[in-house]
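Report on one structure; see the data block that follows.
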Number of protein chains: 2
Amino acid sequence: MATRISKTPQSPTQKADKKRIEVLKAAGKCFRKTGFHQTSMQQICAETGLGPGAVYRYFTGKEAIIEAMVEEERRQARAMLLQMRDAASIQQALSTATRLFAERYRAGSDASLMTEVYAEGMRSKRVGTVLRKIEAEWIMGLSNLLRIAQARGQIDASLDAAQTALFLTGMWDGMVIRQHFHAHDDPQALPIFFETMIARLLAKDNKVAGKPLTTPPLENSLFAEELKKRAESEDLRQLSLI
Amino acid sequence: MATRISKTPQSPTQKADKKRIEVLKAAGKCFRKTGFHQTSMQQICAETGLGPGAVYRYFTGKEAIIEAMVEEERRQARAMLLQMRDAASIQQALSTATRLFAERYRAGSDASLMTEVYAEGMRSKRVGTVLRKIEAEWIMGLSNLLRIAQARGQIDASLDAAQTALFLTGMWDGMVIRQHFHAHDDPQALPIFFETMIARLLAKDNKVAGKPLTTPPLENSLFAEELKKRAESEDLRQLSLI
């Protein structure tokens, strides 16, 4: 019996997956250019070159597209955690991760899309649910890496691993935002400083305990009271942003 | 000559200022509810109860409103820095600031608006310019506080004050974002952990130097290469968000 294998044929599922990814890419391009809310489904259809019917076959709307992007992000985060686990030390893994986050979001459009998705996740229940799921998985994975490093004596064992993972992740978010609002002669300076700060935080010989012994109340000083009053003032809250 | 002072009369300027603030408040309310981009000028007019003519007399559009909100924020940041300067110690000032930021942005709508404004500032030149100005002023003020604390021997003198100010500000951004994507039995736990981390960072007895001695290249390990390859892959970049 003769066989003809001139080209591996694509199954209908593979073809559909490919088209789905094309739509996601086109949407990402539009979102980066004009922002999530100012992009219409029509613009995404135009960018893909597919008819609206084809686009709507895969996604019911922009929220569904954002959801799929976050799901894709989850796969990547999982792969990154596996790579970090195989690094020579946790210090090296975190240092590399810091620079990669800085590089990945150096373009304003990428960082802007990231912050827009966070904003959307705080407002939209649907996007929020997906984001919280991926975040929980990421924090659990990073906490486990930190626990292994603690067991190996690489970092301070007194640190709460889950809280430290949250702190590191928050710090990376902040770094990505900061690098867009401050001029730097050397774009490497900020991530390198963040790396140094991580090393200080995790150092075993740090004399400041990793865990607060109690939950102290907000200081009762005149200063704290004044600031608290300001923060509680409805007038200020309504006007202020940052 | 008889004088009649039943009520302090408002000058035309005071009246205008009051109306301007009313518009800003109404806009803030709308932005918190539905987001910056999904709010129309018509909705803001409806919320103020003033006619469109009155609203447009003060602001040419939504960008001008955001600009005014950021300007108001600048005034508040300046006041906060003055208060921090008068605190008993830099540790107390930073600890109080950490909790106040956490409280102020505990509501999802407030944190969402904050992140939306950041996203807008990365995309819109006009909003970006105003944000960068207020950020520069804030970082300069915070750096000065840190330098005074260094001179007084309260914190590690080897730390670069400006970079540390950037780090702290980024860390606060990250904390505000994180507290919305992770469930906590105790909402105080995260800000308290962040406070502890700040104490570790600034501690004088930290054996890890505050400044990197050189600017080392990204590690040349297999791990770093693999991650770099992933980050550079156009396909992944187009799909990924976070």
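By order in the structure tokens, chains are A, B, ...; within a chain, residues start at 1; ligands start at 1, following the order shown.
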Overlay target chain A, mobile chain B, all C-alpha paired in order, as a JSON list (two decimals) with C-alpha atoms, in the first residue's frame:
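Output below, filename out_38.json:
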[["chain", "number", "residue", "atom", "x", "y", "z"],
["B", 1, "MET", "CA", 0.36, 0.59, -0.74],
["B", 2, "ALA", "CA", 1.79, 3.95, -1.70],
["B", 3, "THR", "CA", 1.76, 6.78, 0.82],
["B", 4, "ARG", "CA", 1.90, 10.46, 0.01],
["B", 5, "ILE", "CA", 3.22, 12.66, 2.81],
["B", 6, "SER", "CA", 4.13, 15.86, 1.04],
["B", 7, "LYS", "CA", 2.92, 18.08, 3.89],
["B", 8, "THR", "CA", 1.63, 17.28, 7.35],
["B", 9, "PRO", "CA", -2.11, 17.90, 7.06],
["B", 10, "GLN", "CA", -3.71, 20.13, 9.67],
["B", 11, "SER", "CA", -6.67, 18.76, 11.55],
["B", 12, "PRO", "CA", -9.77, 20.99, 11.79],
["B", 13, "THR", "CA", -8.89, 21.60, 15.45],
["B", 14, "GLN", "CA", -5.37, 22.76, 14.56],
["B", 15, "LYS", "CA", -6.74, 25.10, 11.92],
["B", 16, "ALA", "CA", -9.21, 26.55, 14.38],
["B", 17, "ASP", "CA", -6.48, 27.01, 16.99],
["B", 18, "LYS", "CA", -4.34, 28.83, 14.45],
["B", 19, "LYS", "CA", -7.16, 31.19, 13.51],
["B", 20, "ARG", "CA", -7.96, 31.78, 17.16],
["B", 21, "ILE", "CA", -4.35, 32.76, 17.81],
["B", 22, "GLU", "CA", -4.41, 35.07, 14.77],
["B", 23, "VAL", "CA", -7.41, 36.87, 16.25],
["B", 24, "LEU", "CA", -5.66, 37.16, 19.63],
["B", 25, "LYS", "CA", -2.56, 38.63, 17.99],
["B", 26, "ALA", "CA", -4.56, 41.14, 15.98],
["B", 27, "ALA", "CA", -6.49, 42.18, 19.09],
["B", 28, "GLY", "CA", -3.25, 42.58, 21.04],
["B", 29, "LYS", "CA", -1.90, 44.84, 18.30],
["B", 30, "CYS", "CA", -5.05, 47.02, 18.36],
["B", 31, "PHE", "CA", -5.16, 47.19, 22.17],
["B", 32, "ARG", "CA", -1.50, 48.27, 22.28],
["B", 33, "LYS", "CA", -2.09, 50.99, 19.71],
["B", 34, "THR", "CA", -5.29, 52.58, 20.94],
["B", 35, "GLY", "CA", -6.06, 51.01, 24.30],
["B", 36, "PHE", "CA", -8.55, 48.35, 25.30],
["B", 37, "HIS", "CA", -11.64, 50.55, 25.56],
["B", 38, "GLN", "CA", -11.04, 52.60, 22.44],
["B", 39, "THR", "CA", -10.65, 49.48, 20.29],
["B", 40, "SER", "CA", -13.83, 48.21, 18.66],
["B", 41, "MET", "CA", -14.54, 44.65, 17.57],
["B", 42, "GLN", "CA", -14.78, 46.06, 14.02],
["B", 43, "GLN", "CA", -11.17, 47.28, 14.25],
["B", 44, "ILE", "CA", -10.06, 43.84, 15.44],
["B", 45, "CYS", "CA", -11.91, 42.21, 12.52],
["B", 46, "ALA", "CA", -10.23, 44.62, 10.10],
["B", 47, "GLU", "CA", -6.81, 43.90, 11.61],
["B", 48, "THR", "CA", -7.24, 40.12, 11.29],
["B", 49, "GLY", "CA", -8.45, 40.37, 7.71],
["B", 50, "LEU", "CA", -11.13, 37.85, 8.65],
["B", 51, "GLY", "CA", -14.83, 38.61, 8.50],
["B", 52, "PRO", "CA", -16.76, 39.45, 11.67],
["B", 53, "GLY", "CA", -18.38, 35.99, 11.50],
["B", 54, "ALA", "CA", -14.97, 34.33, 11.85],
["B", 55, "VAL", "CA", -13.92, 36.54, 14.77],
["B", 56, "TYR", "CA", -17.18, 36.08, 16.68],
["B", 57, "ARG", "CA", -16.92, 32.32, 16.17],
["B", 58, "TYR", "CA", -13.97, 32.35, 18.59],
["B", 59, "PHE", "CA", -14.78, 35.24, 20.90],
["B", 60, "THR", "CA", -18.08, 36.74, 21.98],
["B", 61, "GLY", "CA", -16.48, 40.14, 22.53],
["B", 62, "LYS", "CA", -13.53, 42.11, 23.90],
["B", 63, "GLU", "CA", -13.87, 40.73, 27.42],
["B", 64, "ALA", "CA", -13.62, 37.19, 26.08],
["B", 65, "ILE", "CA", -10.46, 38.20, 24.19],
["B", 66, "ILE", "CA", -8.89, 39.70, 27.32],
["B", 67, "GLU", "CA", -9.83, 36.53, 29.17],
["B", 68, "ALA", "CA", -8.05, 34.40, 26.56],
["B", 69, "MET", "CA", -4.97, 36.63, 26.75],
["B", 70, "VAL", "CA", -4.85, 36.23, 30.50],
["B", 71, "GLU", "CA", -5.21, 32.45, 30.07],
["B", 72, "GLU", "CA", -2.26, 32.49, 27.66],
["B", 73, "GLU", "CA", -0.34, 34.49, 30.26],
["B", 74, "ARG", "CA", -1.05, 31.77, 32.77],
["B", 75, "ARG", "CA", 0.60, 29.18, 30.56],
["B", 76, "GLN", "CA", 3.65, 31.41, 30.25],
["B", 77, "ALA", "CA", 3.83, 32.10, 33.96],
["B", 78, "ARG", "CA", 3.78, 28.37, 34.62],
["B", 79, "ALA", "CA", 6.66, 27.85, 32.18],
["B", 80, "MET", "CA", 8.60, 30.71, 33.78],
["B", 81, "LEU", "CA", 8.21, 29.18, 37.25],
["B", 82, "LEU", "CA", 9.54, 25.86, 35.96],
["B", 83, "GLN", "CA", 12.55, 27.66, 34.49],
["B", 84, "MET", "CA", 13.12, 29.53, 37.74],
["B", 85, "ARG", "CA", 13.03, 26.28, 39.67],
["B", 86, "ASP", "CA", 15.92, 25.01, 37.55],
["B", 87, "ALA", "CA", 18.11, 28.10, 38.11],
["B", 88, "ALA", "CA", 21.38, 27.76, 40.04],
["B", 89, "SER", "CA", 20.02, 29.82, 42.95],
["B", 90, "ILE", "CA", 16.89, 31.72, 43.87],
["B", 91, "GLN", "CA", 18.94, 34.95, 43.74],
["B", 92, "GLN", "CA", 19.85, 34.28, 40.13],
["B", 93, "ALA", "CA", 16.29, 33.35, 39.25],
["B", 94, "LEU", "CA", 14.83, 36.53, 40.78],
["B", 95, "SER", "CA", 17.52, 38.75, 39.34],
["B", 96, "THR", "CA", 16.91, 37.40, 35.83],
["B", 97, "ALA", "CA", 13.15, 37.67, 36.27],
["B", 98, "THR", "CA", 13.52, 41.32, 37.32],
["B", 99, "ARG", "CA", 15.43, 42.25, 34.18],
["B", 100, "LEU", "CA", 13.13, 40.30, 31.93],
["B", 101, "PHE", "CA", 10.04, 42.03, 33.32],
["B", 102, "ALA", "CA", 11.76, 45.39, 32.81],
["B", 103, "GLU", "CA", 12.66, 44.53, 29.20],
["B", 104, "ARG", "CA", 9.30, 43.07, 28.36],
["B", 105, "TYR", "CA", 7.43, 46.18, 29.42],
["B", 106, "ARG", "CA", 9.91, 48.78, 28.27],
["B", 107, "ALA", "CA", 7.56, 49.80, 25.43],
["B", 108, "GLY", "CA", 4.91, 52.21, 26.72],
["B", 109, "SER", "CA", 2.17, 50.45, 24.78],
["B", 110, "ASP", "CA", 2.91, 47.11, 26.49],
["B", 111, "ALA", "CA", 3.07, 48.59, 29.99],
["B", 112, "SER", "CA", -0.07, 50.59, 29.29],
["B", 113, "LEU", "CA", -1.96, 47.46, 28.24],
["B", 114, "MET", "CA", -0.76, 45.65, 31.36],
["B", 115, "THR", "CA", -2.03, 48.42, 33.65],
["B", 116, "GLU", "CA", -5.28, 48.69, 31.69],
["B", 117, "VAL", "CA", -5.92, 44.98, 32.21],
["B", 118, "TYR", "CA", -5.31, 45.40, 35.94],
["B", 119, "ALA", "CA", -7.75, 48.34, 36.01],
["B", 120, "GLU", "CA", -10.29, 46.24, 34.12],
["B", 121, "GLY", "CA", -9.79, 43.35, 36.51],
["B", 122, "MET", "CA", -10.64, 45.60, 39.45],
["B", 123, "ARG", "CA", -13.85, 46.78, 37.79],
["B", 124, "SER", "CA", -15.15, 43.86, 35.72],
["B", 125, "LYS", "CA", -16.17, 40.77, 37.66],
["B", 126, "ARG", "CA", -15.46, 38.50, 34.71],
["B", 127, "VAL", "CA", -11.91, 39.75, 34.01],
["B", 128, "GLY", "CA", -11.27, 39.99, 37.77],
["B", 129, "THR", "CA", -12.14, 36.32, 38.29],
["B", 130, "VAL", "CA", -9.70, 35.14, 35.63],
["B", 131, "LEU", "CA", -6.96, 37.46, 36.88],
["B", 132, "ARG", "CA", -7.38, 36.33, 40.48],
["B", 133, "LYS", "CA", -7.09, 32.71, 39.38],
["B", 134, "ILE", "CA", -3.85, 33.24, 37.47],
["B", 135, "GLU", "CA", -2.47, 35.43, 40.27],
["B", 136, "ALA", "CA", -3.20, 32.78, 42.90],
["B", 137, "GLU", "CA", -1.38, 30.17, 40.84],
["B", 138, "TRP", "CA", 1.61, 32.45, 40.27],
["B", 139, "ILE", "CA", 1.91, 33.39, 43.95],
["B", 140, "MET", "CA", 1.63, 29.75, 44.98],
["B", 141, "GLY", "CA", 4.39, 28.76, 42.55],
["B", 142, "LEU", "CA", 6.68, 31.61, 43.59],
["B", 143, "SER", "CA", 6.04, 30.91, 47.29],
["B", 144, "ASN", "CA", 7.07, 27.29, 46.75],
["B", 145, "LEU", "CA", 10.32, 28.40, 45.11],
["B", 146, "LEU", "CA", 11.00, 30.67, 48.08],
["B", 147, "ARG", "CA", 10.24, 27.87, 50.56],
["B", 148, "ILE", "CA", 12.69, 25.54, 48.80],
["B", 149, "ALA", "CA", 15.33, 28.31, 48.93],
["B", 150, "GLN", "CA", 14.60, 28.77, 52.65],
["B", 151, "ALA", "CA", 14.97, 25.06, 53.28],
["B", 152, "ARG", "CA", 18.30, 25.13, 51.42],
["B", 153, "GLY", "CA", 19.47, 28.03, 53.57],
["B", 154, "GLN", "CA", 19.73, 30.38, 50.59],
["B", 155, "ILE", "CA", 17.43, 33.04, 52.01],
["B", 156, "ASP", "CA", 16.11, 34.19, 55.38],
["B", 157, "ALA", "CA", 13.87, 31.45, 56.79],
["B", 158, "SER", "CA", 12.01, 33.93, 59.00],
["B", 159, "LEU", "CA", 10.26, 35.48, 55.99],
["B", 160, "ASP", "CA", 6.68, 34.46, 55.27],
["B", 161, "ALA", "CA", 7.03, 32.92, 51.81],
["B", 162, "ALA", "CA", 3.55, 33.79, 50.52],
["B", 163, "GLN", "CA", 3.78, 37.41, 51.68],
["B", 164, "THR", "CA", 7.26, 37.71, 50.19],
["B", 165, "ALA", "CA", 5.95, 36.36, 46.87],
["B", 166, "LEU", "CA", 3.21, 39.01, 46.95],
["B", 167, "PHE", "CA", 5.75, 41.67, 47.80],
["B", 168, "LEU", "CA", 8.06, 40.68, 44.94],
["B", 169, "THR", "CA", 5.19, 40.59, 42.45],
["B", 170, "GLY", "CA", 3.94, 43.99, 43.59],
["B", 171, "MET", "CA", 7.46, 45.32, 43.33],
["B", 172, "TRP", "CA", 7.72, 44.12, 39.71],
["B", 173, "ASP", "CA", 4.38, 45.81, 38.90],
["B", 174, "GLY", "CA", 5.69, 49.01, 40.42],
["B", 175, "MET", "CA", 8.98, 48.81, 38.54],
["B", 176, "VAL", "CA", 7.15, 48.43, 35.22],
["B", 177, "ILE", "CA", 5.05, 51.53, 35.99],
["B", 178, "ARG", "CA", 7.96, 53.58, 37.35],
["B", 179, "GLN", "CA", 10.23, 53.07, 34.39],
["B", 180, "HIS", "CA", 7.70, 55.00, 32.29],
["B", 181, "PHE", "CA", 7.41, 58.08, 34.45],
["B", 182, "HIS", "CA", 11.04, 58.77, 35.20],
["B", 183, "ALA", "CA", 13.77, 59.67, 32.77],
["B", 184, "HIS", "CA", 16.89, 57.55, 33.05],
["B", 185, "ASP", "CA", 20.12, 57.97, 31.16],
["B", 186, "ASP", "CA", 20.65, 54.28, 31.61],
["B", 187, "PRO", "CA", 17.49, 52.18, 31.21],
["B", 188, "GLN", "CA", 19.20, 49.35, 33.10],
["B", 189, "ALA", "CA", 19.73, 51.44, 36.25],
["B", 190, "LEU", "CA", 16.24, 50.94, 37.70],
["B", 191, "PRO", "CA", 15.97, 47.15, 37.24],
["B", 192, "ILE", "CA", 19.52, 46.75, 38.61],
["B", 193, "PHE", "CA", 18.59, 48.77, 41.68],
["B", 194, "PHE", "CA", 15.47, 46.65, 42.13],
["B", 195, "GLU", "CA", 17.65, 43.52, 41.96],
["B", 196, "THR", "CA", 19.89, 44.94, 44.68],
["B", 197, "MET", "CA", 16.87, 45.66, 46.84],
["B", 198, "ILE", "CA", 15.63, 42.08, 46.44],
["B", 199, "ALA", "CA", 19.02, 40.79, 47.59],
["B", 200, "ARG", "CA", 18.80, 43.03, 50.68],
["B", 201, "LEU", "CA", 15.27, 41.89, 51.41],
["B", 202, "LEU", "CA", 15.99, 38.20, 51.26],
["B", 203, "ALA", "CA", 19.42, 38.28, 52.91],
["B", 204, "LYS", "CA", 19.86, 35.82, 55.75],
["B", 205, "ASP", "CA", 21.90, 38.19, 57.89],
["B", 206, "ASN", "CA", 19.22, 40.88, 57.99],
["B", 207, "LYS", "CA", 18.79, 41.95, 61.60],
["B", 208, "VAL", "CA", 15.25, 43.19, 60.99],
["B", 209, "ALA", "CA", 12.92, 40.22, 61.51],
["B", 210, "GLY", "CA", 11.00, 39.07, 58.46],
["B", 211, "LYS", "CA", 7.74, 38.92, 60.35],
["B", 212, "PRO", "CA", 6.14, 41.67, 62.38],
["B", 213, "LEU", "CA", 5.72, 40.30, 65.92],
["B", 214, "THR", "CA", 2.32, 41.84, 66.41],
["B", 215, "THR", "CA", -0.08, 43.89, 64.35],
["B", 216, "PRO", "CA", 0.60, 47.36, 65.70],
["B", 217, "PRO", "CA", -2.08, 50.01, 65.31],
["B", 218, "LEU", "CA", -1.44, 53.00, 63.10],
["B", 219, "GLU", "CA", 0.83, 55.30, 65.11],
["B", 220, "ASN", "CA", -1.08, 57.72, 67.20],
["B", 221, "SER", "CA", 1.17, 60.67, 66.48],
["B", 222, "LEU", "CA", -0.02, 64.06, 65.39],
["B", 223, "PHE", "CA", 1.48, 63.32, 61.99],
["B", 224, "ALA", "CA", -0.39, 60.04, 61.56],
["B", 225, "GLU", "CA", -3.64, 61.67, 62.67],
["B", 226, "GLU", "CA", -3.22, 64.53, 60.26],
["B", 227, "LEU", "CA", -2.51, 62.21, 57.34],
["B", 228, "LYS", "CA", -5.41, 59.97, 58.31],
["B", 229, "LYS", "CA", -7.72, 62.95, 58.45],
["B", 230, "ARG", "CA", -6.60, 63.97, 55.00],
["B", 231, "ALA", "CA", -7.08, 60.48, 53.63],
["B", 232, "GLU", "CA", -10.58, 60.23, 55.08],
["B", 233, "SER", "CA", -11.71, 63.61, 53.85],
["B", 234, "GLU", "CA", -14.34, 62.85, 51.24],
["B", 235, "ASP", "CA", -13.49, 66.02, 49.33],
["B", 236, "LEU", "CA", -9.90, 65.02, 48.83],
["B", 237, "ARG", "CA", -10.75, 61.42, 48.05],
["B", 238, "GLN", "CA", -13.08, 62.48, 45.30],
["B", 239, "LEU", "CA", -10.49, 64.67, 43.67],
["B", 240, "SER", "CA", -7.34, 62.73, 44.15],
["B", 241, "LEU", "CA", -6.11, 59.97, 41.98],
["B", 242, "ILE", "CA", -2.76, 58.68, 42.99]]
Output as a VMD selection string all residues of range 45-112 of chain A that backbone DSSP marks as helix (DSSP H, G or I).
chain A and resid 45 to 48 52 to 58 62 to 85 90 to 104 108 to 112
